[in-house]
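Trainee: So here's data_1.cif (mmCIF, C-alpha atoms).
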data_target
#
loop_
_atom_site.group_PDB
_atom_site.id
_atom_site.type_symbol
_atom_site.label_atom_id
_atom_site.label_comp_id
_atom_site.auth_asym_id
_atom_site.auth_seq_id
_atom_site.Cartn_x
_atom_site.Cartn_y
_atom_site.Cartn_z
ATOM 1 C CA MET A 1 -8.754 -28.661 -9.829
ATOM 2 C CA GLY A 2 -9.463 -25.477 -11.862
ATOM 3 C CA ARG A 3 -8.254 -22.028 -10.967
ATOM 4 C CA SER A 4 -10.400 -20.102 -8.498
ATOM 5 C CA PRO A 5 -11.966 -16.991 -10.062
ATOM 6 C CA ARG A 6 -10.430 -13.650 -9.115
ATOM 7 C CA ILE A 7 -12.541 -11.124 -7.221
ATOM 8 C CA GLN A 8 -13.372 -8.253 -9.571
ATOM 9 C CA TYR A 9 -15.455 -5.102 -9.151
ATOM 10 C CA TYR A 10 -15.342 -1.476 -10.274
ATOM 11 C CA GLY A 11 -12.831 0.599 -8.312
ATOM 12 C CA ALA A 12 -11.137 -2.379 -6.651
ATOM 13 C CA VAL A 13 -7.536 -1.915 -5.489
ATOM 14 C CA TYR A 14 -5.208 -4.882 -5.940
ATOM 15 C CA HIS A 15 -1.729 -5.675 -4.687
ATOM 16 C CA ILE A 16 -0.250 -7.643 -7.580
ATOM 17 C CA THR A 17 2.928 -9.734 -7.547
ATOM 18 C CA LEU A 18 4.564 -11.538 -10.452
ATOM 19 C CA GLU A 19 7.819 -13.514 -10.219
ATOM 20 C CA GLY A 20 10.132 -14.567 -13.009
ATOM 21 C CA LYS A 21 11.632 -18.001 -13.628
ATOM 22 C CA ASP A 22 14.940 -16.170 -13.363
ATOM 23 C CA ASN A 23 15.848 -12.481 -13.430
ATOM 24 C CA ILE A 24 13.297 -10.823 -15.701
ATOM 25 C CA PHE A 25 14.893 -7.382 -15.277
ATOM 26 C CA LYS A 26 18.560 -7.730 -16.120
ATOM 27 C CA ASN A 27 19.386 -4.020 -16.167
ATOM 28 C CA ASP A 28 17.934 -0.539 -15.741
ATOM 29 C CA GLU A 29 16.657 -0.459 -19.315
ATOM 30 C CA ASP A 30 14.408 -3.447 -18.615
ATOM 31 C CA LYS A 31 12.913 -1.763 -15.542
ATOM 32 C CA VAL A 32 12.351 1.461 -17.461
ATOM 33 C CA THR A 33 10.580 -0.525 -20.183
ATOM 34 C CA LEU A 34 8.091 -1.986 -17.705
ATOM 35 C CA LEU A 35 7.317 1.510 -16.410
ATOM 36 C CA GLU A 36 6.863 2.752 -19.965
ATOM 37 C CA ILE A 37 4.438 -0.084 -20.647
ATOM 38 C CA LEU A 38 2.461 0.810 -17.519
ATOM 39 C CA GLY A 39 2.371 4.448 -18.586
ATOM 40 C CA GLU A 40 1.199 3.561 -22.084
ATOM 41 C CA LEU A 41 -1.563 1.263 -20.851
ATOM 42 C CA LYS A 42 -2.859 3.551 -18.083
ATOM 43 C CA SER A 43 -4.919 5.744 -20.385
ATOM 44 C CA LYS A 44 -6.019 2.850 -22.583
ATOM 45 C CA CYS A 45 -7.084 0.593 -19.722
ATOM 46 C CA GLU A 46 -8.355 3.250 -17.282
ATOM 47 C CA PHE A 47 -6.443 2.244 -14.166
ATOM 48 C CA LYS A 48 -4.556 4.167 -11.490
ATOM 49 C CA LEU A 49 -1.047 3.110 -10.517
ATOM 50 C CA LEU A 50 -0.731 3.790 -6.785
ATOM 51 C CA ALA A 51 2.639 2.156 -6.040
ATOM 52 C CA TYR A 52 5.246 -0.179 -7.483
ATOM 53 C CA CYS A 53 8.475 -1.954 -6.647
ATOM 54 C CA ILE A 54 10.641 -3.643 -9.278
ATOM 55 C CA LEU A 55 13.331 -6.124 -8.268
ATOM 56 C CA ASP A 56 15.544 -8.140 -10.604
ATOM 57 C CA ASN A 57 13.338 -11.222 -10.448
ATOM 58 C CA LYS A 58 9.847 -9.849 -9.796
ATOM 59 C CA TYR A 59 7.601 -6.826 -9.595
ATOM 60 C CA ASP A 60 4.891 -5.670 -7.189
ATOM 61 C CA LEU A 61 2.154 -3.225 -8.170
ATOM 62 C CA LEU A 62 -0.708 -1.519 -6.345
ATOM 63 C CA ILE A 63 -3.380 -0.706 -8.931
ATOM 64 C CA LYS A 64 -6.925 0.655 -8.763
ATOM 65 C CA PHE A 65 -8.959 -0.824 -11.608
ATOM 66 C CA HIS A 66 -12.152 0.571 -13.127
ATOM 67 C CA ASN A 67 -14.015 -0.551 -16.244
ATOM 68 C CA ILE A 68 -11.481 -3.012 -17.650
ATOM 69 C CA PRO A 69 -11.006 -6.177 -15.524
ATOM 70 C CA ILE A 70 -7.701 -6.925 -13.829
ATOM 71 C CA SER A 71 -7.243 -10.066 -15.951
ATOM 72 C CA LYS A 72 -7.319 -8.157 -19.239
ATOM 73 C CA VAL A 73 -5.043 -5.375 -17.977
ATOM 74 C CA MET A 74 -2.465 -7.807 -16.606
ATOM 75 C CA GLN A 75 -2.612 -9.852 -19.794
ATOM 76 C CA ARG A 76 -1.636 -6.770 -21.796
ATOM 77 C CA ILE A 77 1.109 -5.678 -19.408
ATOM 78 C CA ASN A 78 2.736 -9.091 -19.390
ATOM 79 C CA MET A 79 2.250 -9.687 -23.111
ATOM 80 C CA TYR A 80 3.972 -6.393 -23.977
ATOM 81 C CA TYR A 81 6.858 -7.012 -21.608
ATOM 82 C CA THR A 82 7.312 -10.644 -22.698
ATOM 83 C CA LYS A 83 7.510 -9.544 -26.329
ATOM 84 C CA TYR A 84 10.176 -6.954 -25.442
ATOM 85 C CA PHE A 85 12.125 -9.364 -23.204
ATOM 86 C CA ASN A 86 12.152 -12.278 -25.636
ATOM 87 C CA LEU A 87 13.165 -10.115 -28.578
ATOM 88 C CA LYS A 88 15.982 -8.447 -26.657
ATOM 89 C CA TYR A 89 17.412 -11.647 -25.150
ATOM 90 C CA HIS A 90 16.681 -13.997 -28.080
ATOM 91 C CA ARG A 91 14.448 -16.378 -26.161
ATOM 92 C CA GLN A 92 10.973 -17.884 -26.409
ATOM 93 C CA GLY A 93 8.114 -18.663 -24.052
ATOM 94 C CA SER A 94 6.983 -16.965 -20.901
ATOM 95 C CA PRO A 95 9.728 -15.592 -18.615
ATOM 96 C CA TYR A 96 7.357 -15.769 -15.629
ATOM 97 C CA LYS A 97 7.230 -18.481 -12.989
ATOM 98 C CA GLY A 98 3.446 -18.700 -13.155
ATOM 99 C CA ARG A 99 0.421 -16.456 -13.233
ATOM 100 C CA TYR A 100 0.417 -13.274 -11.190
ATOM 101 C CA LYS A 101 -0.853 -13.223 -7.614
ATOM 102 C CA SER A 102 -3.383 -10.606 -6.593
ATOM 103 C CA ILE A 103 -4.831 -9.549 -3.249
ATOM 104 C CA VAL A 104 -7.770 -7.157 -2.968
ATOM 105 C CA VAL A 105 -7.163 -4.240 -0.620
ATOM 106 C CA GLU A 106 -10.671 -3.525 0.646
ATOM 107 C CA GLU A 107 -12.015 -0.015 1.170
ATOM 108 C CA GLY A 108 -11.303 1.097 4.721
ATOM 109 C CA GLU A 109 -8.295 -1.183 4.998
ATOM 110 C CA ASP A 110 -4.682 -0.229 5.146
ATOM 111 C CA ILE A 111 -3.825 1.068 1.657
ATOM 112 C CA ILE A 112 -1.039 3.283 2.979
ATOM 113 C CA GLY A 113 0.225 0.248 4.909
ATOM 114 C CA CYS A 114 0.223 -1.749 1.678
ATOM 115 C CA ILE A 115 2.289 0.979 0.008
ATOM 116 C CA ARG A 116 4.717 0.838 2.923
ATOM 117 C CA THR A 117 4.970 -2.927 2.457
ATOM 118 C CA LEU A 118 5.845 -2.508 -1.228
ATOM 119 C CA HIS A 119 8.428 0.156 -0.500
ATOM 120 C CA ARG A 120 10.090 -2.007 2.163
ATOM 121 C CA ILE A 121 10.560 -4.997 -0.139
ATOM 122 C CA PRO A 122 14.099 -3.931 -1.233
ATOM 123 C CA ILE A 123 15.094 -3.714 2.443
ATOM 124 C CA ILE A 124 13.695 -7.165 3.218
ATOM 125 C CA GLU A 125 15.424 -8.593 0.136
ATOM 126 C CA ASN A 126 18.728 -6.964 1.186
ATOM 127 C CA TYR A 127 19.029 -4.687 -1.834
ATOM 128 C CA VAL A 128 19.377 -1.545 0.324
ATOM 129 C CA SER A 129 19.255 -0.510 3.973
ATOM 130 C CA SER A 130 16.567 2.180 3.570
ATOM 131 C CA MET A 131 13.688 2.600 1.142
ATOM 132 C CA GLU A 132 14.950 6.042 0.055
ATOM 133 C CA ASP A 133 18.075 4.395 -1.350
ATOM 134 C CA TYR A 134 16.185 2.201 -3.818
ATOM 135 C CA LYS A 135 15.425 3.941 -7.112
ATOM 136 C CA TRP A 136 13.117 1.297 -8.599
ATOM 137 C CA SER A 137 10.183 1.809 -6.258
ATOM 138 C CA SER A 138 7.591 4.587 -6.232
ATOM 139 C CA ASP A 139 8.713 5.984 -2.867
ATOM 140 C CA VAL A 140 10.678 8.909 -4.324
ATOM 141 C CA PHE A 141 7.636 10.223 -6.221
ATOM 142 C CA TYR A 142 5.667 10.612 -2.997
ATOM 143 C CA ARG A 143 8.535 12.157 -1.026
ATOM 144 C CA PHE A 144 9.267 14.810 -3.652
ATOM 145 C CA ASN A 145 5.742 15.372 -5.000
ATOM 146 C CA LEU A 146 6.647 14.189 -8.494
ATOM 147 C CA GLU A 147 3.766 13.742 -10.919
ATOM 148 C CA SER A 148 4.419 10.917 -13.354
ATOM 149 C CA THR A 149 2.946 7.592 -14.400
ATOM 150 C CA LEU A 150 2.213 7.253 -10.687
ATOM 151 C CA ASP A 151 -1.071 8.637 -9.322
ATOM 152 C CA ILE A 152 0.358 10.165 -6.149
ATOM 153 C CA GLY A 153 -2.576 12.543 -5.788
ATOM 154 C CA HIS A 154 -4.990 9.684 -5.218
ATOM 155 C CA ILE A 155 -3.150 8.827 -1.992
ATOM 156 C CA LEU A 156 -1.787 12.197 -0.862
ATOM 157 C CA ASP A 157 -5.149 13.959 -1.223
ATOM 158 C CA GLU A 158 -6.632 11.404 1.161
ATOM 159 C CA LEU A 159 -3.932 12.141 3.746
ATOM 160 C CA ASP A 160 -4.471 15.915 3.755
ATOM 161 C CA ASP A 161 -5.787 18.743 1.556
ATOM 162 C CA ASN A 162 -2.481 20.562 2.048
ATOM 163 C CA ARG A 163 0.059 18.810 -0.154
ATOM 164 C CA ASN A 164 3.068 19.606 2.078
ATOM 165 C CA VAL A 165 1.248 18.258 5.132
ATOM 166 C CA ALA A 166 0.175 15.182 3.151
ATOM 167 C CA ILE A 167 3.760 14.467 2.101
ATOM 168 C CA GLN A 168 4.946 14.697 5.702
ATOM 169 C CA LYS A 169 2.193 12.301 6.768
ATOM 170 C CA TYR A 170 3.294 9.953 4.006
ATOM 171 C CA ILE A 171 6.899 10.108 5.231
ATOM 172 C CA ASP A 172 5.777 9.492 8.820
ATOM 173 C CA ASN A 173 3.907 6.409 7.615
ATOM 174 C CA MET A 174 6.886 5.103 5.663
ATOM 175 C CA ASN A 175 9.080 5.556 8.731
ATOM 176 C CA LEU A 176 6.887 3.210 10.739
ATOM 177 C CA GLU A 177 8.539 -0.154 11.232
ATOM 178 C CA GLU A 178 6.913 -2.844 9.118
ATOM 179 C CA LEU A 179 5.014 -5.000 11.590
ATOM 180 C CA GLY A 180 5.936 -8.642 11.103
ATOM 181 C CA VAL A 181 4.977 -11.596 13.295
ATOM 182 C CA LYS A 182 7.630 -10.843 15.904
ATOM 183 C CA ASP A 183 6.742 -7.140 15.959
ATOM 184 C CA LYS A 184 3.002 -7.575 16.462
ATOM 185 C CA GLN A 185 3.517 -7.323 20.203
ATOM 186 C CA LYS A 186 4.685 -3.740 19.663
ATOM 187 C CA VAL A 187 1.335 -2.656 18.219
ATOM 188 C CA PRO A 188 -0.516 -2.115 21.547
ATOM 189 C CA HIS A 189 2.450 -0.161 22.915
ATOM 190 C CA GLU A 190 2.533 2.138 19.862
ATOM 191 C CA LEU A 191 -1.244 2.617 19.931
ATOM 192 C CA ASP A 192 -1.165 3.378 23.657
ATOM 193 C CA LYS A 193 1.461 6.015 22.962
ATOM 194 C CA ILE A 194 -0.848 7.675 20.422
ATOM 195 C CA LEU A 195 -3.760 7.561 22.878
ATOM 196 C CA ARG A 196 -1.694 9.051 25.710
ATOM 197 C CA ASP A 197 -0.560 11.916 23.483
ATOM 198 C CA ILE A 198 -4.203 12.724 22.738
ATOM 199 C CA CYS A 199 -5.635 12.352 26.247
ATOM 200 C CA ASN A 200 -5.522 15.277 28.655
ATOM 201 C CA ASN A 201 -4.491 13.078 31.582
ATOM 202 C CA GLU A 202 -3.918 9.497 32.713
ATOM 203 C CA LEU A 203 -7.488 9.244 34.022
ATOM 204 C CA ASP A 204 -8.975 9.793 30.566
ATOM 205 C CA PHE A 205 -6.495 7.303 29.131
ATOM 206 C CA ASN A 206 -7.521 4.639 31.657
ATOM 207 C CA LEU A 207 -11.238 5.336 31.174
ATOM 208 C CA ILE A 208 -10.978 4.861 27.410
ATOM 209 C CA LYS A 209 -8.902 1.702 27.816
ATOM 210 C CA SER A 210 -11.479 0.289 30.237
ATOM 211 C CA GLY A 211 -14.328 0.846 27.763
ATOM 212 C CA SER A 212 -15.977 3.868 29.373
ATOM 213 C CA LYS A 213 -18.752 5.429 27.298
ATOM 214 C CA LYS A 214 -18.686 8.865 28.928
ATOM 215 C CA ALA A 215 -19.793 11.430 26.366
ATOM 216 C CA TYR A 216 -16.789 13.740 26.693
ATOM 217 C CA LEU A 217 -14.433 10.873 25.815
ATOM 218 C CA MET A 218 -15.941 10.499 22.336
ATOM 219 C CA VAL A 219 -13.885 13.382 20.966
ATOM 220 C CA LEU A 220 -10.682 11.804 22.297
ATOM 221 C CA LYS A 221 -11.597 8.368 20.902
ATOM 222 C CA LYS A 222 -12.344 9.875 17.517
ATOM 223 C CA GLU A 223 -9.004 11.684 17.426
ATOM 224 C CA TYR A 224 -7.154 8.539 18.532
ATOM 225 C CA ILE A 225 -8.809 6.494 15.766
ATOM 226 C CA ARG A 226 -8.127 9.139 13.098
ATOM 227 C CA LYS A 227 -4.479 9.554 14.080
ATOM 228 C CA SER A 228 -3.841 5.797 14.343
ATOM 229 C CA LYS A 229 -5.374 5.171 10.905
ATOM 230 C CA GLU A 230 -3.275 7.958 9.363
ATOM 231 C CA LEU A 231 -0.162 6.279 10.755
ATOM 232 C CA GLY A 232 -1.020 3.016 9.015
ATOM 233 C CA PHE A 233 -2.404 0.843 11.832
ATOM 234 C CA SER A 234 -5.163 -1.593 10.903
ATOM 235 C CA ILE A 235 -8.783 -0.988 11.849
ATOM 236 C CA ARG A 236 -8.819 -4.231 13.816
ATOM 237 C CA ASP A 237 -5.773 -3.321 15.930
ATOM 238 C CA ILE A 238 -7.041 0.222 16.522
ATOM 239 C CA GLY A 239 -10.390 -1.029 17.815
ATOM 240 C CA LYS A 240 -8.982 -3.939 19.791
ATOM 241 C CA ASN A 241 -6.703 -1.583 21.701
ATOM 242 C CA ILE A 242 -9.664 0.319 23.175
ATOM 243 C CA GLY A 243 -12.189 -2.516 23.249
ATOM 244 C CA ILE A 244 -14.425 -1.655 20.285
ATOM 245 C CA GLY A 245 -15.209 -3.537 17.069
ATOM 246 C CA ASP A 246 -14.284 -2.872 13.446
ATOM 247 C CA ARG A 247 -17.715 -1.433 12.670
ATOM 248 C CA ALA A 248 -17.439 1.148 15.459
ATOM 249 C CA VAL A 249 -13.998 2.203 14.241
ATOM 250 C CA ARG A 250 -15.262 2.651 10.670
ATOM 251 C CA LYS A 251 -18.241 4.662 11.966
ATOM 252 C CA HIS A 252 -15.879 7.087 13.714
ATOM 253 C CA LEU A 253 -13.807 7.417 10.533
ATOM 254 C CA SER A 254 -16.840 7.962 8.300
ATOM 255 C CA ASN A 255 -18.059 10.785 10.561
ATOM 256 C CA ASP A 256 -14.889 12.828 10.079
#
In structure tokens, what does this structure look like?
Mentor:
Amino acid sequence: MGRSPRIQYYGAVYHITLEGKDNIFKNDEDKVTLLEILGELKSKCEFKLLAYCILDNKYDLLIKFHNIPISKVMQRINMYYTKYFNLKYHRQGSPYKGRYKSIVVEEGEDIIGCIRTLHRIPIIENYVSSMEDYKWSSDVFYRFNLESTLDIGHILDELDDNRNVAIQKYIDNMNLEELGVKDKQKVPHELDKILRDICNNELDFNLIKSGSKKAYLMVLKKEYIRKSKELGFSIRDIGKNIGIGDRAVRKHLSND
């Protein structure tokens, strides 16, 4: 069976993962080289690098592509790094386990949540106990407002026009516990907490939870949806918690 074609369109954001047959980054110099390659190709290939995480045996990238397709960009990235790696370590052939994996992060979905996922990889893989302790992810650039190969402005400007406020919102998002299968049951509790903080009283909270369409509640619903999205919850979970569909949630967000 042939390979299924990758989804491609202008402005698409992809979470990309590529694993090595063994460790493809044997030291800091190797990791720096990959970042240098990304920096060199950014202007040539017209993409935005939104986040990254480099482990010893793989890398994860979050990239927004424009005119040049993902396949051509990734071909160049991996060709350049393979040439460097093979020359340095006196080897031949591809160091990668297979072709890269890519997932489209649709508009309106959880891009900040995807960044949090990337930045938590070193914790999950037992490299460090907190994402701030790992120097080979893009987390530090967001926390300290560092302009570099990374396009931090693309994300921070969406969080808030005030850069200091945006950085704090980013940090709040990164501090959210990554929601795995066992933690999914915590989502309604966390969303209810957000709703209670916004509501003036328990009556308004209960009315919204019961699906009331009273006009004065619309402002509270809108604020609940905005705040929940900023904190990285998915559109589906946000709507499900107050009994409305994805389309209604997106409508509230688009009217901000």
Trainee: Please determine, counting all atoms listed in the file, which residue among A:Leu50, A:Ile238, A:Leu38, A:Ile115 has the shortest atom-to-atom distance to Val73 in chain A.
Mentor: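 The answer is A:Leu38, which sits nearest to Val73 in chain A.
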Trainee: For the interface of range 46-132 of chain A with range 155-161 of chain A (cut-off 12 Å, counting all atoms listed in the file), please tabulate each contacting residue of range 46-132 of chain A alongside its nearest pair of atoms and their separation in Å to one decimal, rows sorted by chain and increasing number, as CSV.
Mentor:
residue,atom,partner,partner_atom,distance
A:Lys48,CA,A:Ile155,CA,10.7
A:Leu49,CA,A:Ile155,CA,10.5
A:Leu50,CA,A:Ile155,CA,7.4
A:Ala51,CA,A:Ile155,CA,9.7
A:Leu62,CA,A:Ile155,CA,11.5
A:Ile63,CA,A:Ile155,CA,11.8
A:Lys64,CA,A:Ile155,CA,11.3
A:Gly108,CA,A:Glu158,CA,11.9
A:Asp110,CA,A:Ile155,CA,11.6
A:Ile111,CA,A:Ile155,CA,8.6
A:Ile112,CA,A:Ile155,CA,7.7
A:Gly113,CA,A:Ile155,CA,11.5
A:Cys114,CA,A:Ile155,CA,11.7
A:Ile115,CA,A:Ile155,CA,9.8
Trainee: Taking the file as shown, what set of residues would the PyMOL selection byres ((chain A and resi 20) around 12) give back, as a PyMOL selection string?
Mentor: chain A and resi 17-19+21-26+54-60+78+81-82+85+93-100
Trainee: To one decimal in Å, tell me the separation between CA of Ala12 in chain A and CA of Ser102 in chain A.
Mentor: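 Here the two named atoms are 11.3 Å from each other.
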Trainee: List the residues selected by the PyMOL selection byres ((chain A and resi 44) around 12) in the file shown, writing them as a list in words.
Mentor: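 With the shown file as input, the PyMOL selection byres ((chain A and resi 44) around 12) matches Ile37, Leu38, Gly39, Glu40, Leu41, Lys42, Ser43, Cys45, Glu46, Phe47, Lys48, Phe65, His66, Asn67, Ile68, Lys72, Val73, Arg76 and Ile77 of chain A.
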Trainee: Spell out the residues picked by the PyMOL selection byres ((chain A and resi 167) around 10) here, as a list in words.
Mentor: Tyr142, Arg143, Phe144, Asn145, Ile152, Ile155, Leu156, Asp157, Leu159, Asp160, Asn162, Arg163, Asn164, Val165, Ala166, Gln168, Lys169, Tyr170, Ile171, Asp172 and Asn173 of chain A
Trainee: Quick one: distance from CA of Leu35 in chain A to CA of Asn175 in chain A in Å, one decimal?
Mentor: 25.5 Å
Trainee: Out of A:Asp30, A:Glu132, A:Glu125, A:Glu147, which residue has the shortest atom-to-atom distance to Asn86 in chain A when counting only C-alpha atoms?
Mentor: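 For Asn86 in chain A, the nearest of the candidates is A:Asp30.
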Trainee: At what distance in Å, to one decimal, does CA of Gly243 in chain A lie from CA of Arg226 in chain A?
Mentor: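 CA of Gly243 in chain A lies at a distance of 16.0 Å from CA of Arg226 in chain A.
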Trainee: Smallest atom-to-atom distance to Glu190 in chain A: which of A:Arg247, A:His15, A:Lys227, A:His119, using only C-alpha atoms?
Mentor: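 Of all the options, A:Lys227 lies closest to Glu190 in chain A.
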Trainee: Could you list, as a compact mmCIF listing (two decimals) with C-alpha atoms, in the frame of the given file, every residue within 9 Å of range 204-210 of chain A, counting only C-alpha atoms and ignoring same-chain residues fewer than 6 positions away?
Mentor:
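Result written to part.txt:
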# COMPACT_ATOMS: atom_id res chain seq x y z
CA ASP A 192 -1.16 3.38 23.66
CA LEU A 195 -3.76 7.56 22.88
CA ARG A 196 -1.69 9.05 25.71
CA ILE A 198 -4.20 12.72 22.74
CA LEU A 217 -14.43 10.87 25.82
CA LEU A 220 -10.68 11.80 22.30
CA LYS A 221 -11.60 8.37 20.90
CA ASN A 241 -6.70 -1.58 21.70
CA ILE A 242 -9.66 0.32 23.18
CA GLY A 243 -12.19 -2.52 23.25
Trainee: Rebuild range 122-141 of chain A so that it carries N, CA and C atoms, then output the result as a PDB file, in the coordinates of the input.
Mentor:
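The resulting file, selection_22.pdb, is shown below:
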ATOM      1  N   PRO A 122      12.645  -3.922  -0.985  1.00  0.00           N
ATOM      2  CA  PRO A 122      14.099  -3.931  -1.233  1.00  0.00           C
ATOM      3  C   PRO A 122      14.931  -4.052   0.035  1.00  0.00           C
ATOM      4  N   ILE A 123      14.394  -3.569   1.158  1.00  0.00           N
ATOM      5  CA  ILE A 123      15.094  -3.714   2.443  1.00  0.00           C
ATOM      6  C   ILE A 123      15.048  -5.170   2.886  1.00  0.00           C
ATOM      7  N   ILE A 124      13.871  -5.766   2.811  1.00  0.00           N
ATOM      8  CA  ILE A 124      13.695  -7.165   3.218  1.00  0.00           C
ATOM      9  C   ILE A 124      14.546  -8.098   2.363  1.00  0.00           C
ATOM     10  N   GLU A 125      14.657  -7.761   1.075  1.00  0.00           N
ATOM     11  CA  GLU A 125      15.424  -8.593   0.136  1.00  0.00           C
ATOM     12  C   GLU A 125      16.911  -8.232   0.110  1.00  0.00           C
ATOM     13  N   ASN A 126      17.310  -7.334   1.021  1.00  0.00           N
ATOM     14  CA  ASN A 126      18.728  -6.964   1.186  1.00  0.00           C
ATOM     15  C   ASN A 126      19.333  -6.273  -0.036  1.00  0.00           C
ATOM     16  N   TYR A 127      18.508  -5.510  -0.749  1.00  0.00           N
ATOM     17  CA  TYR A 127      19.029  -4.687  -1.834  1.00  0.00           C
ATOM     18  C   TYR A 127      19.637  -3.399  -1.272  1.00  0.00           C
ATOM     19  N   VAL A 128      18.958  -2.809  -0.286  1.00  0.00           N
ATOM     20  CA  VAL A 128      19.377  -1.545   0.324  1.00  0.00           C
ATOM     21  C   VAL A 128      19.060  -1.585   1.812  1.00  0.00           C
ATOM     22  N   SER A 129      19.528  -0.579   2.532  1.00  0.00           N
ATOM     23  CA  SER A 129      19.255  -0.510   3.973  1.00  0.00           C
ATOM     24  C   SER A 129      18.107   0.436   4.302  1.00  0.00           C
ATOM     25  N   SER A 130      17.709   1.290   3.354  1.00  0.00           N
ATOM     26  CA  SER A 130      16.567   2.180   3.570  1.00  0.00           C
ATOM     27  C   SER A 130      15.807   2.340   2.263  1.00  0.00           C
ATOM     28  N   MET A 131      14.501   2.544   2.355  1.00  0.00           N
ATOM     29  CA  MET A 131      13.688   2.600   1.142  1.00  0.00           C
ATOM     30  C   MET A 131      14.048   3.795   0.257  1.00  0.00           C
ATOM     31  N   GLU A 132      14.564   4.875   0.856  1.00  0.00           N
ATOM     32  CA  GLU A 132      14.950   6.042   0.055  1.00  0.00           C
ATOM     33  C   GLU A 132      16.118   5.748  -0.877  1.00  0.00           C
ATOM     34  N   ASP A 133      16.888   4.718  -0.555  1.00  0.00           N
ATOM     35  CA  ASP A 133      18.075   4.395  -1.350  1.00  0.00           C
ATOM     36  C   ASP A 133      17.760   3.554  -2.589  1.00  0.00           C
ATOM     37  N   TYR A 134      16.520   3.082  -2.694  1.00  0.00           N
ATOM     38  CA  TYR A 134      16.185   2.201  -3.818  1.00  0.00           C
ATOM     39  C   TYR A 134      15.444   2.997  -4.884  1.00  0.00           C
ATOM     40  N   LYS A 135      15.998   3.072  -6.083  1.00  0.00           N
ATOM     41  CA  LYS A 135      15.425   3.941  -7.112  1.00  0.00           C
ATOM     42  C   LYS A 135      14.341   3.283  -7.953  1.00  0.00           C
ATOM     43  N   TRP A 136      14.110   1.979  -7.773  1.00  0.00           N
ATOM     44  CA  TRP A 136      13.117   1.297  -8.599  1.00  0.00           C
ATOM     45  C   TRP A 136      11.843   0.973  -7.833  1.00  0.00           C
ATOM     46  N   SER A 137      11.505   1.852  -6.876  1.00  0.00           N
ATOM     47  CA  SER A 137      10.183   1.809  -6.258  1.00  0.00           C
ATOM     48  C   SER A 137       9.574   3.197  -6.400  1.00  0.00           C
ATOM     49  N   SER A 138       8.308   3.320  -6.058  1.00  0.00           N
ATOM     50  CA  SER A 138       7.591   4.587  -6.232  1.00  0.00           C
ATOM     51  C   SER A 138       7.774   5.543  -5.063  1.00  0.00           C
ATOM     52  N   ASP A 139       8.560   5.177  -4.076  1.00  0.00           N
ATOM     53  CA  ASP A 139       8.713   5.984  -2.867  1.00  0.00           C
ATOM     54  C   ASP A 139       9.143   7.416  -3.174  1.00  0.00           C
ATOM     55  N   VAL A 140      10.120   7.581  -4.043  1.00  0.00           N
ATOM     56  CA  VAL A 140      10.678   8.909  -4.324  1.00  0.00           C
ATOM     57  C   VAL A 140       9.630   9.865  -4.869  1.00  0.00           C
ATOM     58  N   PHE A 141       8.651   9.358  -5.626  1.00  0.00           N
ATOM     59  CA  PHE A 141       7.636  10.223  -6.221  1.00  0.00           C
ATOM     60  C   PHE A 141       6.749  10.852  -5.147  1.00  0.00           C
TER      61      PHE A 141
END
